[in-house]
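A.B. asks: This structure is in structure tokens; I'll ask about it shortly.
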Amino acid sequence: MYWYINTFLWGRYAGSTESVLSQDLNILEDSEDSLDGLIKQLRQIRGDLQVRADDFTGWSIGARFYPLLYMLTRVWKAKDWGTGIDLSQNLLGKLSGLQIHHIFPKSKLYEHDFRIDEVNALANFTFLTQDTNLRVSNKDPEKYLEEFAQKHPGVIESHWIPRDRELWRYDNYREFLAARRELLANAANEFMESLLMGTIPGFEEIVRPEEVQPPVIPGGIESEEEELQLQECNNWVKQYGLPMGEFSYELIDEESGNLVAILDLAWPDGLQEGFSKPVALLLNESYDTYSAANKAGFIYFTDEESFRKYVMNDVLSMEWPVST
């Protein structure tokens, strides 16, 4: 498990895999201590296998360390804030499924002019049960974190939330991210060291890889190029007096309350609120994302030009392309 987790953390097989596989297969064939040899090979490439705070600077569910955050939540038994129960991999019943939770709510962060990569920073993510996630909604962290801390002492810290209450304020958001990255890195290194030694302190059950996989949620912005393209399109919409869309819109199933997809750029109330259907711009997404958007009643577009044509012709009743 120690070797396996390190391979995906550091992208051992993310590039050209043929030569890498050959190297590792040779170690397996030629060495009596083949597992030690594989780990040594990783160390030679990396220098060391220590997780550092900067490794948690990624953003969106496509970040390389996102699965590790989910795994830490499960194996270290982080506690649900609303109920105080352990969020272990053996959690059963309706509470077994975990939802992504933004510690600082997205809508409030956008109001405070934070960038999309800051809003969706990995250090702003945690996992909660559906009931607790819905209960928190978009409340301010300095209020709801304090309530949960008093109701269930220790539950906030179990998610590696800094104890300093001043960091729970919007004007200290960047300092909050930096402090939480340090806590996450420490937890990750303790976890990895325990795997290397063959034990996980305080954890008696067998950890099965298939039970600690993160939930697969289709959609989401996965590159800086996509982000810039979406920002440009959003600014273009604003020039015509229309409301700006919401980045990385979380599409929730109304019946189950589960997160089913993340839409790159969405207008859930339409471009003319109350008079038009929900609209989304989805770049380089999968069929599952398109299907979820369609099922939720969204008109969606997969390229910027078709979206702009829709805005001009159907929303503004103007000619497309725009005359110069």
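So you can find residues: chains in the structure tokens are A, B, ... in the order shown, residues in each start at 1, and ligands are numbered from 1 in order.
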Determine, counting only C-alpha atoms, which protein, DNA and RNA residues have an atom within 12 Å of an atom of range 16-24 of chain A; residues of the same chain fewer than 5 positions away are not included. Present the result as a list of chain:residue names.
C.D. replies: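 Using only C-alpha atoms, the neighbours found are A:Trp3, A:Thr7, A:Gly11, A:Glu29, A:Asp30, A:Ser31, A:Ser34, A:Leu35, A:Asp36, A:Gly37, A:Leu38, A:Ile39, A:Lys40, A:Gln41, A:Leu42, A:Ile45.
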A.B. asks: Among the residues of range 159-322 of chain A, find those DSSP assigns to strand (DSSP E) from the backbone and print them as a list in words.
C.D. replies: Glu246, Phe247, Ser248, Tyr249, Glu250, Leu251, Ile252, Leu259, Val260, Ala261, Ile262, Leu263, Asp264, Leu265, Ala266, Trp267, Val279, Ala280, Leu281, Ile299, Tyr300 and Phe301 of chain A
A.B. asks: Write the residues you've just listed into a file as a PDB file, in the first residue's frame, and include C-alpha atoms for each of them.
C.D. replies:
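What landed in out.pdb:
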ATOM      1  CA  GLU A 246     -21.129  30.251 -11.639  1.00  0.00           C
ATOM      2  CA  PHE A 247     -17.835  28.406 -12.031  1.00  0.00           C
ATOM      3  CA  SER A 248     -17.708  24.725 -11.070  1.00  0.00           C
ATOM      4  CA  TYR A 249     -21.424  24.598 -10.342  1.00  0.00           C
ATOM      5  CA  GLU A 250     -22.317  21.604  -8.176  1.00  0.00           C
ATOM      6  CA  LEU A 251     -25.313  19.823  -9.673  1.00  0.00           C
ATOM      7  CA  ILE A 252     -27.330  18.174  -6.905  1.00  0.00           C
ATOM      8  CA  LEU A 259     -23.758  15.549  -5.953  1.00  0.00           C
ATOM      9  CA  VAL A 260     -24.050  14.101  -9.460  1.00  0.00           C
ATOM     10  CA  ALA A 261     -21.832  16.362 -11.597  1.00  0.00           C
ATOM     11  CA  ILE A 262     -19.785  19.543 -11.642  1.00  0.00           C
ATOM     12  CA  LEU A 263     -20.641  21.919 -14.487  1.00  0.00           C
ATOM     13  CA  ASP A 264     -17.789  24.112 -15.738  1.00  0.00           C
ATOM     14  CA  LEU A 265     -19.820  27.302 -16.058  1.00  0.00           C
ATOM     15  CA  ALA A 266     -23.535  27.419 -15.326  1.00  0.00           C
ATOM     16  CA  TRP A 267     -26.507  29.716 -15.089  1.00  0.00           C
ATOM     17  CA  VAL A 279     -27.731  27.028 -19.241  1.00  0.00           C
ATOM     18  CA  ALA A 280     -24.262  25.504 -18.969  1.00  0.00           C
ATOM     19  CA  LEU A 281     -21.010  25.665 -20.918  1.00  0.00           C
ATOM     20  CA  ILE A 299     -29.404  23.617 -22.108  1.00  0.00           C
ATOM     21  CA  TYR A 300     -25.718  22.888 -22.494  1.00  0.00           C
ATOM     22  CA  PHE A 301     -23.041  23.779 -25.024  1.00  0.00           C
TER      23      PHE A 301
END
A.B. asks: Between A:Val311, A:Ala14, A:Met192, A:Ile103, which is the closest to Val136 in chain A once you count only C-alpha atoms?
C.D. replies: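 Ranking A:Val311, A:Ala14, A:Met192, A:Ile103 by distance to Val136 in chain A, first place goes to A:Ile103.
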A.B. asks: Just want the 6 Å neighbourhood of Leu87 in chain A, counted on only C-alpha atoms, with same-chain residues fewer than 2 positions away dropped. Output as number ranges by chain.
C.D. replies: A: 74, 77-79
A.B. asks: So that I have them on file, write out the residues from the current selection with C-alpha atoms, as a PDB file, in the first residue's frame.
C.D. replies:
ATOM      1  CA  ARG A  74     -11.662   7.441   5.737  1.00  0.00           C
ATOM      2  CA  LYS A  77     -11.738   8.219  10.945  1.00  0.00           C
ATOM      3  CA  ALA A  78     -12.438  11.919  10.592  1.00  0.00           C
ATOM      4  CA  LYS A  79     -15.743  12.601  12.321  1.00  0.00           C
TER       5      LYS A  79
END
A.B. asks: Just asking: which residues within range 118-318 of chain A are helix (DSSP H, G or I) according to DSSP, as a PyMOL selection string?
C.D. replies: chain A and resi 118-119+122-124+130-136+141-151+157-159+165-168+170-197+209-211+224-239+287-295+304-315
A.B. asks: Measuring between only C-alpha atoms, which one of A:Glu193, A:Asp113, A:Glu319, A:Glu224 shows the shortest distance to Asp171 in chain A?
C.D. replies: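 Looking at the shortest contact to Asp171 in chain A, the residue is A:Asp113.
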A.B. asks: Using only C-alpha atoms for the distances, tell me which of A:Leu184, A:Ile100, A:Met244, A:Met1 is nearest to Gly198 in chain A.
C.D. replies: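 Among the listed residues, A:Met1 lies closest to Gly198 in chain A.
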A.B. asks: Looking at only C-alpha atoms, which of A:Glu182, A:Glu142, A:Asp80, A:Glu285 is the one that sits closest to Leu167 in chain A?
C.D. replies: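 Among A:Glu182, A:Glu142, A:Asp80, A:Glu285, it is A:Glu142 that comes nearest to Leu167 in chain A.
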A.B. asks: Choose the residue, out of A:Ile61, A:Leu109, A:Ala121, A:Ile156, that has the smallest atom-to-atom separation from Arg169 in chain A; count only C-alpha atoms.
C.D. replies: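 Nearest to Arg169 in chain A: A:Leu109.
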A.B. asks: So what do you get for CA of Gly154 in chain A versus CA of Ala179 in chain A, distance-wise?
C.D. replies: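 Atom-to-atom, CA of Gly154 in chain A and CA of Ala179 in chain A are spaced 17.6 Å apart.
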A.B. asks: Find the residues around His112 in chain A up to 12 Å (only C-alpha atoms counted), leave out those fewer than 4 positions away in its own chain, and share them as a list of chain:residue names.
C.D. replies: A:Phe104, A:Pro105, A:Lys106, A:Ser107, A:Lys108, A:Ile116, A:Glu118, A:Val119, A:Arg169, A:Tyr170, A:Asp171, A:Asn172, A:Tyr173, A:Arg174
A.B. asks: Could the residues in this selection be written to a file with N, CA and C atoms, as a PDB file, in the first residue's frame?
C.D. replies:
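selection30.pdb written:
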ATOM      1  N   PHE A 104     -15.086  26.964   3.340  1.00  0.00           N
ATOM      2  CA  PHE A 104     -15.550  28.318   3.063  1.00  0.00           C
ATOM      3  C   PHE A 104     -16.461  28.220   1.840  1.00  0.00           C
ATOM      4  N   PRO A 105     -17.746  28.599   1.954  1.00  0.00           N
ATOM      5  CA  PRO A 105     -18.687  28.406   0.845  1.00  0.00           C
ATOM      6  C   PRO A 105     -18.261  29.151  -0.414  1.00  0.00           C
ATOM      7  N   LYS A 106     -18.472  28.496  -1.551  1.00  0.00           N
ATOM      8  CA  LYS A 106     -18.035  29.055  -2.833  1.00  0.00           C
ATOM      9  C   LYS A 106     -18.664  30.414  -3.104  1.00  0.00           C
ATOM     10  N   SER A 107     -19.967  30.528  -2.902  1.00  0.00           N
ATOM     11  CA  SER A 107     -20.655  31.768  -3.247  1.00  0.00           C
ATOM     12  C   SER A 107     -20.105  32.946  -2.458  1.00  0.00           C
ATOM     13  N   LYS A 108     -19.783  32.724  -1.191  1.00  0.00           N
ATOM     14  CA  LYS A 108     -19.254  33.809  -0.356  1.00  0.00           C
ATOM     15  C   LYS A 108     -17.827  34.182  -0.775  1.00  0.00           C
ATOM     16  N   ILE A 116     -10.971  31.519  -8.919  1.00  0.00           N
ATOM     17  CA  ILE A 116     -11.586  30.199  -8.982  1.00  0.00           C
ATOM     18  C   ILE A 116     -10.675  29.122  -8.402  1.00  0.00           C
ATOM     19  N   GLU A 118      -8.582  29.505  -6.005  1.00  0.00           N
ATOM     20  CA  GLU A 118      -8.589  29.660  -4.560  1.00  0.00           C
ATOM     21  C   GLU A 118      -9.894  29.143  -3.965  1.00  0.00           C
ATOM     22  N   VAL A 119     -11.004  29.434  -4.646  1.00  0.00           N
ATOM     23  CA  VAL A 119     -12.316  28.979  -4.186  1.00  0.00           C
ATOM     24  C   VAL A 119     -12.367  27.462  -4.122  1.00  0.00           C
ATOM     25  N   ARG A 169     -12.080  33.401   9.246  1.00  0.00           N
ATOM     26  CA  ARG A 169     -12.675  34.612   8.679  1.00  0.00           C
ATOM     27  C   ARG A 169     -12.263  34.763   7.222  1.00  0.00           C
ATOM     28  N   TYR A 170     -13.124  35.392   6.424  1.00  0.00           N
ATOM     29  CA  TYR A 170     -12.856  35.521   4.988  1.00  0.00           C
ATOM     30  C   TYR A 170     -11.597  36.336   4.708  1.00  0.00           C
ATOM     31  N   ASP A 171     -11.329  37.342   5.523  1.00  0.00           N
ATOM     32  CA  ASP A 171     -10.151  38.170   5.254  1.00  0.00           C
ATOM     33  C   ASP A 171      -8.852  37.434   5.577  1.00  0.00           C
ATOM     34  N   ASN A 172      -8.959  36.277   6.223  1.00  0.00           N
ATOM     35  CA  ASN A 172      -7.769  35.459   6.501  1.00  0.00           C
ATOM     36  C   ASN A 172      -7.815  34.131   5.751  1.00  0.00           C
ATOM     37  N   TYR A 173      -8.584  34.091   4.674  1.00  0.00           N
ATOM     38  CA  TYR A 173      -8.794  32.829   3.958  1.00  0.00           C
ATOM     39  C   TYR A 173      -7.488  32.238   3.439  1.00  0.00           C
ATOM     40  N   ARG A 174      -6.633  33.052   2.843  1.00  0.00           N
ATOM     41  CA  ARG A 174      -5.381  32.516   2.295  1.00  0.00           C
ATOM     42  C   ARG A 174      -4.492  31.956   3.404  1.00  0.00           C
TER      43      ARG A 174
END
A.B. asks: Could you name the residues that touch Val155 in chain A at 8 Å or less, counting only C-alpha atoms, but leaving out those on the same chain fewer than 3 positions away, as a PyMOL selection string?
C.D. replies: chain A and resi 78-81+84+148-149+152+158-159
A.B. asks: Output C-alpha atoms for every residue in the selection just made, as a compact mmCIF listing (two decimals), in the first residue's frame.
C.D. replies:
# COMPACT_ATOMS: atom_id res chain seq x y z
CA ALA A 78 -12.44 11.92 10.59
CA LYS A 79 -15.74 12.60 12.32
CA ASP A 80 -18.94 13.92 10.82
CA TRP A 81 -19.55 17.38 12.23
CA GLY A 84 -19.95 13.00 15.63
CA PHE A 148 -20.01 22.07 15.74
CA ALA A 149 -16.88 22.42 17.89
CA HIS A 152 -18.97 17.60 19.38
CA SER A 158 -10.39 15.61 13.01
CA HIS A 159 -10.65 17.26 9.57
